[in-house]
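The structure appears below as structure tokens.
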Amino acid sequence: MIARKVAASLALGVAVALSGSAAAAERQATIYKHPQCGCCTGHGDYLKSHGYDIKVVETEAIGQVKQMAGIPDALHSCHTTMIEGYVVEGHVPAAVIDKLLSERPKVKGVALPGMPQGSPGMSGAKEGPFTVYTIEATPQVFAVD
């Protein structure tokens, strides 16, 4: 039952993102997160402060969301965001998301694996540049921020 609800919600998020409507122009994003994860909420607040309209979907089936979105295990983080037909995995900086949306590469999306300290929504100090990878059969470096 949970899997069906997640699948329907994920499909709806992709359909809205691909619709080309005025809503997509407003940079709407849907974040899928575990109900008890606070850093995911922090990343959503960060994206809001950078002009994104955020919808949060809490689910205990976050692993199924990642599997349905085609995110390789090596690129997993704590939350998954759908925006304009792309998957954004983890605490990806807004500048990198903006680059993804402006360049529109033929990839599923981008990922910042793990939960690096100092990344948007995470506590702690940034210890070095963040390497963001493409989500595709052979991930490539998309950006270093």
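By convention in this document, the chains of the structure tokens carry letters A, B, ... by their order, each chain's residues are numbered from 1, and ligands are numbered from 1 in the order they are shown.
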
Mind the document's chain letters and residue numbers, and return as an mmCIF file with all heavy atoms, in the first residue's frame the residues of segment 24-119 of chain A that DSSP labels strand (DSSP E).
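Below is the file that was written, result_7.cif:
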```
data_model
loop_
_atom_site.group_PDB
_atom_site.id
_atom_site.type_symbol
_atom_site.label_atom_id
_atom_site.label_comp_id
_atom_site.auth_asym_id
_atom_site.auth_seq_id
_atom_site.Cartn_x
_atom_site.Cartn_y
_atom_site.Cartn_z
ATOM 1 N N GLN A 28 8.922 24.639 -8.988
ATOM 2 C CA GLN A 28 8.335 23.762 -7.983
ATOM 3 C C GLN A 28 9.162 22.493 -7.845
ATOM 4 O O GLN A 28 9.621 21.934 -8.833
ATOM 5 C CB GLN A 28 6.898 23.422 -8.338
ATOM 6 C CG GLN A 28 5.987 24.613 -8.233
ATOM 7 C CD GLN A 28 4.530 24.238 -8.368
ATOM 8 O OE1 GLN A 28 4.193 23.161 -8.825
ATOM 9 N NE2 GLN A 28 3.659 25.145 -7.968
ATOM 10 N N ALA A 29 9.325 22.063 -6.611
ATOM 11 C CA ALA A 29 10.089 20.852 -6.325
ATOM 12 C C ALA A 29 9.366 20.041 -5.258
ATOM 13 O O ALA A 29 8.713 20.613 -4.373
ATOM 14 C CB ALA A 29 11.488 21.218 -5.842
ATOM 15 N N THR A 30 9.472 18.732 -5.359
ATOM 16 C CA THR A 30 8.898 17.835 -4.357
ATOM 17 C C THR A 30 10.028 17.057 -3.714
ATOM 18 O O THR A 30 10.802 16.392 -4.402
ATOM 19 C CB THR A 30 7.894 16.867 -5.009
ATOM 20 O OG1 THR A 30 6.867 17.625 -5.652
ATOM 21 C CG2 THR A 30 7.259 15.953 -3.966
ATOM 22 N N ILE A 31 10.110 17.169 -2.396
ATOM 23 C CA ILE A 31 11.125 16.461 -1.624
ATOM 24 C C ILE A 31 10.474 15.248 -0.965
ATOM 25 O O ILE A 31 9.479 15.389 -0.253
ATOM 26 C CB ILE A 31 11.752 17.360 -0.538
ATOM 27 C CG1 ILE A 31 12.506 18.518 -1.180
ATOM 28 C CG2 ILE A 31 12.674 16.554 0.376
ATOM 29 C CD1 ILE A 31 13.092 19.504 -0.185
ATOM 30 N N TYR A 32 11.059 14.066 -1.209
ATOM 31 C CA TYR A 32 10.633 12.832 -0.555
ATOM 32 C C TYR A 32 11.616 12.561 0.566
ATOM 33 O O TYR A 32 12.826 12.469 0.323
ATOM 34 C CB TYR A 32 10.623 11.670 -1.559
ATOM 35 C CG TYR A 32 9.609 11.894 -2.661
ATOM 36 C CD1 TYR A 32 9.941 12.618 -3.797
ATOM 37 C CD2 TYR A 32 8.311 11.420 -2.530
ATOM 38 C CE1 TYR A 32 9.008 12.853 -4.796
ATOM 39 C CE2 TYR A 32 7.363 11.648 -3.537
ATOM 40 C CZ TYR A 32 7.719 12.358 -4.654
ATOM 41 O OH TYR A 32 6.794 12.598 -5.640
ATOM 42 N N LYS A 33 11.105 12.443 1.789
ATOM 43 C CA LYS A 33 11.974 12.297 2.958
ATOM 44 C C LYS A 33 11.351 11.382 3.990
ATOM 45 O O LYS A 33 10.141 11.192 4.013
ATOM 46 C CB LYS A 33 12.265 13.657 3.581
ATOM 47 C CG LYS A 33 11.041 14.313 4.225
ATOM 48 C CD LYS A 33 11.318 15.657 4.843
ATOM 49 C CE LYS A 33 11.667 15.718 6.271
ATOM 50 N NZ LYS A 33 11.021 14.972 7.299
ATOM 51 N N ASP A 53 9.673 26.590 -4.783
ATOM 52 C CA ASP A 53 8.423 26.295 -4.100
ATOM 53 C C ASP A 53 8.476 24.811 -3.753
ATOM 54 O O ASP A 53 8.481 23.964 -4.648
ATOM 55 C CB ASP A 53 7.243 26.614 -5.017
ATOM 56 C CG ASP A 53 5.908 26.378 -4.352
ATOM 57 O OD1 ASP A 53 5.845 26.318 -3.104
ATOM 58 O OD2 ASP A 53 4.909 26.229 -5.079
ATOM 59 N N ILE A 54 8.535 24.490 -2.481
ATOM 60 C CA ILE A 54 8.798 23.132 -2.025
ATOM 61 C C ILE A 54 7.544 22.458 -1.488
ATOM 62 O O ILE A 54 6.830 23.016 -0.658
ATOM 63 C CB ILE A 54 9.869 23.130 -0.906
ATOM 64 C CG1 ILE A 54 11.161 23.779 -1.389
ATOM 65 C CG2 ILE A 54 10.112 21.726 -0.376
ATOM 66 C CD1 ILE A 54 11.824 23.092 -2.545
ATOM 67 N N LYS A 55 7.313 21.243 -1.962
ATOM 68 C CA LYS A 55 6.302 20.354 -1.396
ATOM 69 C C LYS A 55 7.067 19.207 -0.762
ATOM 70 O O LYS A 55 7.977 18.653 -1.380
ATOM 71 C CB LYS A 55 5.375 19.819 -2.486
ATOM 72 C CG LYS A 55 4.385 18.787 -1.988
ATOM 73 C CD LYS A 55 3.567 18.204 -3.130
ATOM 74 C CE LYS A 55 2.709 17.063 -2.618
ATOM 75 N NZ LYS A 55 2.047 16.348 -3.695
ATOM 76 N N VAL A 56 6.723 18.849 0.464
ATOM 77 C CA VAL A 56 7.402 17.771 1.165
ATOM 78 C C VAL A 56 6.461 16.571 1.265
ATOM 79 O O VAL A 56 5.310 16.711 1.680
ATOM 80 C CB VAL A 56 7.852 18.206 2.577
ATOM 81 C CG1 VAL A 56 8.461 17.040 3.344
ATOM 82 C CG2 VAL A 56 8.830 19.365 2.488
ATOM 83 N N VAL A 57 6.957 15.406 0.859
ATOM 84 C CA VAL A 57 6.220 14.151 0.991
ATOM 85 C C VAL A 57 7.014 13.279 1.951
ATOM 86 O O VAL A 57 8.138 12.882 1.648
ATOM 87 C CB VAL A 57 6.052 13.441 -0.374
ATOM 88 C CG1 VAL A 57 5.370 12.086 -0.196
ATOM 89 C CG2 VAL A 57 5.294 14.319 -1.351
ATOM 90 N N GLU A 58 6.417 13.009 3.113
ATOM 91 C CA GLU A 58 7.080 12.158 4.091
ATOM 92 C C GLU A 58 6.685 10.711 3.836
ATOM 93 O O GLU A 58 5.506 10.415 3.647
ATOM 94 C CB GLU A 58 6.708 12.595 5.506
ATOM 95 C CG GLU A 58 7.252 13.966 5.835
ATOM 96 C CD GLU A 58 7.055 14.357 7.280
ATOM 97 O OE1 GLU A 58 6.278 13.686 8.006
ATOM 98 O OE2 GLU A 58 7.683 15.342 7.700
ATOM 99 N N THR A 80 15.263 12.637 -1.549
ATOM 100 C CA THR A 80 15.216 12.682 -3.011
ATOM 101 C C THR A 80 14.247 13.765 -3.420
ATOM 102 O O THR A 80 13.129 13.829 -2.913
ATOM 103 C CB THR A 80 14.752 11.318 -3.564
ATOM 104 O OG1 THR A 80 15.655 10.312 -3.097
ATOM 105 C CG2 THR A 80 14.713 11.312 -5.078
ATOM 106 N N THR A 81 14.672 14.622 -4.348
ATOM 107 C CA THR A 81 13.843 15.730 -4.810
ATOM 108 C C THR A 81 13.566 15.570 -6.300
ATOM 109 O O THR A 81 14.464 15.220 -7.062
ATOM 110 C CB THR A 81 14.572 17.076 -4.563
ATOM 111 O OG1 THR A 81 14.882 17.180 -3.172
ATOM 112 C CG2 THR A 81 13.721 18.254 -4.988
ATOM 113 N N MET A 82 12.336 15.823 -6.687
ATOM 114 C CA MET A 82 11.946 15.838 -8.098
ATOM 115 C C MET A 82 11.683 17.286 -8.487
ATOM 116 O O MET A 82 10.948 17.989 -7.796
ATOM 117 C CB MET A 82 10.681 15.008 -8.324
ATOM 118 C CG MET A 82 10.828 13.532 -7.991
ATOM 119 S SD MET A 82 12.059 12.688 -8.982
ATOM 120 C CE MET A 82 11.359 12.873 -10.604
ATOM 121 N N ILE A 83 12.310 17.722 -9.587
ATOM 122 C CA ILE A 83 12.109 19.088 -10.062
ATOM 123 C C ILE A 83 12.273 19.136 -11.579
ATOM 124 O O ILE A 83 13.283 18.682 -12.110
ATOM 125 C CB ILE A 83 13.060 20.083 -9.352
ATOM 126 C CG1 ILE A 83 12.822 21.484 -9.861
ATOM 127 C CG2 ILE A 83 14.509 19.672 -9.469
ATOM 128 C CD1 ILE A 83 13.444 22.572 -9.022
ATOM 129 N N TYR A 86 13.689 16.199 -13.395
ATOM 130 C CA TYR A 86 14.982 15.707 -12.923
ATOM 131 C C TYR A 86 14.871 15.196 -11.484
ATOM 132 O O TYR A 86 14.016 15.645 -10.716
ATOM 133 C CB TYR A 86 16.043 16.815 -12.950
ATOM 134 C CG TYR A 86 16.549 17.146 -14.324
ATOM 135 C CD1 TYR A 86 16.155 18.306 -14.974
ATOM 136 C CD2 TYR A 86 17.435 16.293 -14.985
ATOM 137 C CE1 TYR A 86 16.623 18.612 -16.241
ATOM 138 C CE2 TYR A 86 17.912 16.599 -16.247
ATOM 139 C CZ TYR A 86 17.501 17.756 -16.870
ATOM 140 O OH TYR A 86 17.976 18.053 -18.122
ATOM 141 N N VAL A 87 15.791 14.306 -11.143
ATOM 142 C CA VAL A 87 15.954 13.816 -9.783
ATOM 143 C C VAL A 87 17.154 14.537 -9.191
ATOM 144 O O VAL A 87 18.208 14.617 -9.827
ATOM 145 C CB VAL A 87 16.219 12.288 -9.770
ATOM 146 C CG1 VAL A 87 16.437 11.799 -8.354
ATOM 147 C CG2 VAL A 87 15.104 11.537 -10.451
ATOM 148 N N VAL A 88 16.991 15.068 -7.987
ATOM 149 C CA VAL A 88 18.108 15.686 -7.269
ATOM 150 C C VAL A 88 18.230 14.928 -5.955
ATOM 151 O O VAL A 88 17.325 14.979 -5.115
ATOM 152 C CB VAL A 88 17.865 17.191 -7.037
ATOM 153 C CG1 VAL A 88 18.988 17.780 -6.189
ATOM 154 C CG2 VAL A 88 17.741 17.929 -8.360
ATOM 155 N N GLU A 89 19.317 14.201 -5.802
ATOM 156 C CA GLU A 89 19.517 13.343 -4.635
ATOM 157 C C GLU A 89 20.422 14.027 -3.625
ATOM 158 O O GLU A 89 21.562 14.385 -3.940
ATOM 159 C CB GLU A 89 20.128 12.010 -5.087
ATOM 160 C CG GLU A 89 20.447 11.051 -3.969
ATOM 161 C CD GLU A 89 19.221 10.456 -3.275
ATOM 162 O OE1 GLU A 89 18.073 10.799 -3.635
ATOM 163 O OE2 GLU A 89 19.403 9.663 -2.357
ATOM 164 N N GLY A 109 19.358 13.026 -13.469
ATOM 165 C CA GLY A 109 19.473 14.073 -12.473
ATOM 166 C C GLY A 109 20.881 14.160 -11.938
ATOM 167 O O GLY A 109 21.831 13.731 -12.600
ATOM 168 N N VAL A 110 20.995 14.705 -10.715
ATOM 169 C CA VAL A 110 22.296 14.874 -10.073
ATOM 170 C C VAL A 110 22.212 14.428 -8.617
ATOM 171 O O VAL A 110 21.128 14.402 -8.033
ATOM 172 C CB VAL A 110 22.804 16.334 -10.157
ATOM 173 C CG1 VAL A 110 23.075 16.729 -11.599
ATOM 174 C CG2 VAL A 110 21.832 17.299 -9.499
ATOM 175 N N ALA A 111 23.369 14.090 -8.058
ATOM 176 C CA ALA A 111 23.409 13.608 -6.677
ATOM 177 C C ALA A 111 24.654 14.086 -5.954
ATOM 178 O O ALA A 111 25.740 14.113 -6.524
ATOM 179 C CB ALA A 111 23.374 12.081 -6.665
#
```

Closest atom pairs, segment 29-50 of chain A residues within 9 Å of segment 92-105 of chain A, only C-alpha atoms, as JSON lines:
```
{"residue": "A:His43", "atom": "CA", "partner": "A:Val92", "partner_atom": "CA", "distance": 8.5}
{"residue": "A:Tyr46", "atom": "CA", "partner": "A:Ala94", "partner_atom": "CA", "distance": 8.2}
{"residue": "A:Leu47", "atom": "CA", "partner": "A:Ala94", "partner_atom": "CA", "distance": 6.5}
{"residue": "A:His50", "atom": "CA", "partner": "A:Ala94", "partner_atom": "CA", "distance": 6.8}
```

Restrict the selected residues to C-alpha atoms and save them as a tab-separated table (two decimals), in the first residue's frame.
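What ended up in again00.tsv:
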```
chain	number	residue	atom	x	y	z
A	43	HIS	CA	17.53	21.40	2.80
A	46	TYR	CA	17.40	26.27	2.10
A	47	LEU	CA	15.84	25.70	-1.34
A	50	HIS	CA	16.69	30.28	-3.07
```

- A:Cys39, A:Met115, A:Val132, A:Ala137 ranked by distance to Gly70 of chain A, top pick (using only C-alpha atoms): A:Ala137

- Message: Here is a test: counting only C-alpha atoms, which residue of A:Ala143, A:Met122, A:Ile135, A:Leu75 is nearest to Gly44 of chain A?
- Response: A:Met122

- Note on the structure: One residue among A:Gly42, A:Gly128, A:Gly121, A:Pro35 is nearest to Glu60 of chain A when using only C-alpha atoms, and that residue is A:Pro35

- Counting only C-alpha atoms, what is within 10 Å of Asp73 of chain A, bar same-chain residues fewer than 5 positions away, as a PyMOL selection string? chain A and resi 63+66-67+113

- Message: Write out as an MDAnalysis selection string the set of residues from chain A that DSSP, computed on the backbone, places in helix (DSSP H, G or I).
- Response: chainID A and resid 2:18 22:25 38:49 62:69 73:75 94:103

With N, CA and C atoms retained, export the selected residues as a compact mmCIF listing (two decimals), in the first residue's frame.
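Below is the file selection.txt, written as the result:
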```txt
# COMPACT_ATOMS: atom_id res chain seq x y z
N ILE A 2 1.88 1.27 0.87
CA ILE A 2 2.78 2.44 0.92
C ILE A 2 3.47 2.61 -0.42
N ALA A 3 3.92 1.49 -1.01
CA ALA A 3 4.62 1.57 -2.30
C ALA A 3 3.72 2.17 -3.37
N ARG A 4 2.43 1.80 -3.38
CA ARG A 4 1.51 2.36 -4.37
C ARG A 4 1.33 3.87 -4.18
N LYS A 5 1.21 4.30 -2.92
CA LYS A 5 1.05 5.72 -2.63
C LYS A 5 2.30 6.50 -3.06
N VAL A 6 3.47 5.94 -2.75
CA VAL A 6 4.74 6.58 -3.13
C VAL A 6 4.83 6.64 -4.65
N ALA A 7 4.50 5.53 -5.33
CA ALA A 7 4.57 5.50 -6.79
C ALA A 7 3.64 6.53 -7.40
N ALA A 8 2.42 6.63 -6.88
CA ALA A 8 1.46 7.60 -7.41
C ALA A 8 1.94 9.02 -7.19
N SER A 9 2.47 9.28 -5.99
CA SER A 9 2.97 10.62 -5.69
C SER A 9 4.18 10.97 -6.55
N LEU A 10 5.10 10.02 -6.73
CA LEU A 10 6.28 10.23 -7.55
C LEU A 10 5.88 10.47 -9.01
N ALA A 11 4.95 9.67 -9.51
CA ALA A 11 4.48 9.83 -10.88
C ALA A 11 3.82 11.20 -11.07
N LEU A 12 3.03 11.61 -10.09
CA LEU A 12 2.38 12.92 -10.17
C LEU A 12 3.43 14.03 -10.18
N GLY A 13 4.47 13.90 -9.34
CA GLY A 13 5.54 14.90 -9.31
C GLY A 13 6.24 15.02 -10.64
N VAL A 14 6.51 13.90 -11.28
CA VAL A 14 7.16 13.91 -12.60
C VAL A 14 6.22 14.52 -13.63
N ALA A 15 4.94 14.15 -13.60
CA ALA A 15 3.98 14.68 -14.58
C ALA A 15 3.84 16.19 -14.45
N VAL A 16 3.75 16.68 -13.24
CA VAL A 16 3.64 18.13 -13.04
C VAL A 16 4.91 18.81 -13.52
N ALA A 17 6.05 18.24 -13.19
CA ALA A 17 7.33 18.83 -13.58
C ALA A 17 7.49 18.88 -15.09
N LEU A 18 6.96 17.88 -15.79
CA LEU A 18 7.12 17.83 -17.23
C LEU A 18 6.03 18.57 -17.99
N ALA A 22 2.72 26.96 -15.96
CA ALA A 22 3.25 28.11 -15.23
C ALA A 22 3.84 27.66 -13.90
N ALA A 23 3.28 26.59 -13.33
CA ALA A 23 3.80 26.09 -12.06
C ALA A 23 5.25 25.67 -12.19
N ALA A 24 5.60 25.03 -13.31
CA ALA A 24 6.98 24.62 -13.51
C ALA A 24 7.89 25.83 -13.60
N ALA A 25 7.39 26.94 -14.16
CA ALA A 25 8.19 28.16 -14.27
C ALA A 25 8.50 28.73 -12.90
N GLY A 38 15.45 15.51 10.04
CA GLY A 38 15.43 16.96 10.15
C GLY A 38 16.30 17.66 9.13
N CYS A 39 17.41 17.02 8.71
CA CYS A 39 18.29 17.69 7.75
C CYS A 39 17.60 17.83 6.39
N CYS A 40 16.69 16.91 6.08
CA CYS A 40 15.93 17.01 4.82
C CYS A 40 15.05 18.26 4.85
N THR A 41 14.44 18.50 6.00
CA THR A 41 13.63 19.71 6.18
C THR A 41 14.51 20.94 6.04
N GLY A 42 15.72 20.86 6.59
CA GLY A 42 16.68 21.96 6.47
C GLY A 42 17.04 22.24 5.03
N HIS A 43 17.21 21.20 4.22
CA HIS A 43 17.53 21.40 2.80
C HIS A 43 16.33 22.02 2.08
N GLY A 44 15.13 21.61 2.44
CA GLY A 44 13.92 22.21 1.86
C GLY A 44 13.83 23.69 2.18
N ASP A 45 14.12 24.05 3.43
CA ASP A 45 14.11 25.47 3.82
C ASP A 45 15.17 26.25 3.05
N TYR A 46 16.33 25.64 2.88
CA TYR A 46 17.40 26.27 2.10
C TYR A 46 16.94 26.53 0.66
N LEU A 47 16.31 25.52 0.04
CA LEU A 47 15.84 25.70 -1.34
C LEU A 47 14.75 26.78 -1.42
N LYS A 48 13.87 26.83 -0.41
CA LYS A 48 12.85 27.88 -0.37
C LYS A 48 13.52 29.25 -0.38
N SER A 49 14.59 29.39 0.39
CA SER A 49 15.28 30.68 0.47
C SER A 49 15.98 31.03 -0.85
N ILE A 62 11.33 5.43 1.69
CA ILE A 62 12.25 6.27 0.93
C ILE A 62 13.16 5.44 0.02
N GLY A 63 13.49 4.24 0.44
CA GLY A 63 14.31 3.35 -0.41
C GLY A 63 13.60 3.02 -1.71
N GLN A 64 12.28 2.83 -1.64
CA GLN A 64 11.50 2.55 -2.85
C GLN A 64 11.46 3.77 -3.76
N VAL A 65 11.41 4.96 -3.18
CA VAL A 65 11.44 6.18 -3.99
C VAL A 65 12.74 6.24 -4.78
N LYS A 66 13.85 5.98 -4.11
CA LYS A 66 15.17 6.02 -4.75
C LYS A 66 15.26 4.95 -5.86
N GLN A 67 14.75 3.77 -5.58
CA GLN A 67 14.78 2.70 -6.57
C GLN A 67 13.94 3.09 -7.79
N MET A 68 12.74 3.60 -7.57
CA MET A 68 11.87 4.00 -8.69
C MET A 68 12.45 5.16 -9.48
N ALA A 69 13.22 6.01 -8.81
CA ALA A 69 13.84 7.14 -9.49
C ALA A 69 15.12 6.74 -10.22
N ASP A 73 22.88 2.88 -5.82
CA ASP A 73 23.16 2.84 -4.38
C ASP A 73 24.34 3.74 -3.99
N ALA A 74 25.36 3.79 -4.82
CA ALA A 74 26.56 4.57 -4.50
C ALA A 74 26.28 6.07 -4.45
N LEU A 75 25.16 6.51 -4.99
CA LEU A 75 24.83 7.94 -5.01
C LEU A 75 23.76 8.32 -3.98
N ALA A 94 21.97 24.93 -4.30
CA ALA A 94 21.04 25.56 -5.25
C ALA A 94 21.73 25.96 -6.55
N ALA A 95 22.96 26.44 -6.48
CA ALA A 95 23.67 26.85 -7.70
C ALA A 95 23.84 25.68 -8.65
N VAL A 96 24.04 24.48 -8.12
CA VAL A 96 24.19 23.30 -8.96
C VAL A 96 22.84 22.90 -9.56
N ILE A 97 21.78 23.01 -8.77
CA ILE A 97 20.43 22.72 -9.30
C ILE A 97 20.09 23.73 -10.40
N ASP A 98 20.41 24.99 -10.18
CA ASP A 98 20.17 26.01 -11.20
C ASP A 98 20.93 25.68 -12.48
N LYS A 99 22.16 25.21 -12.35
CA LYS A 99 22.97 24.81 -13.52
C LYS A 99 22.29 23.65 -14.25
N LEU A 100 21.83 22.66 -13.50
CA LEU A 100 21.13 21.51 -14.09
C LEU A 100 19.92 21.98 -14.90
N LEU A 101 19.13 22.87 -14.31
CA LEU A 101 17.90 23.33 -14.97
C LEU A 101 18.17 24.25 -16.15
N SER A 102 19.28 24.96 -16.13
CA SER A 102 19.58 25.84 -17.27
C SER A 102 20.24 25.08 -18.41
N GLU A 103 21.10 24.11 -18.08
CA GLU A 103 21.80 23.36 -19.13
C GLU A 103 20.97 22.20 -19.68
```

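Of the residues under consideration (A:Glu136, A:Phe142, A:Gln36, A:His91), A:His91 shows the shortest atom-to-atom contact distance to Ser119 of chain A when counting only C-alpha atoms.
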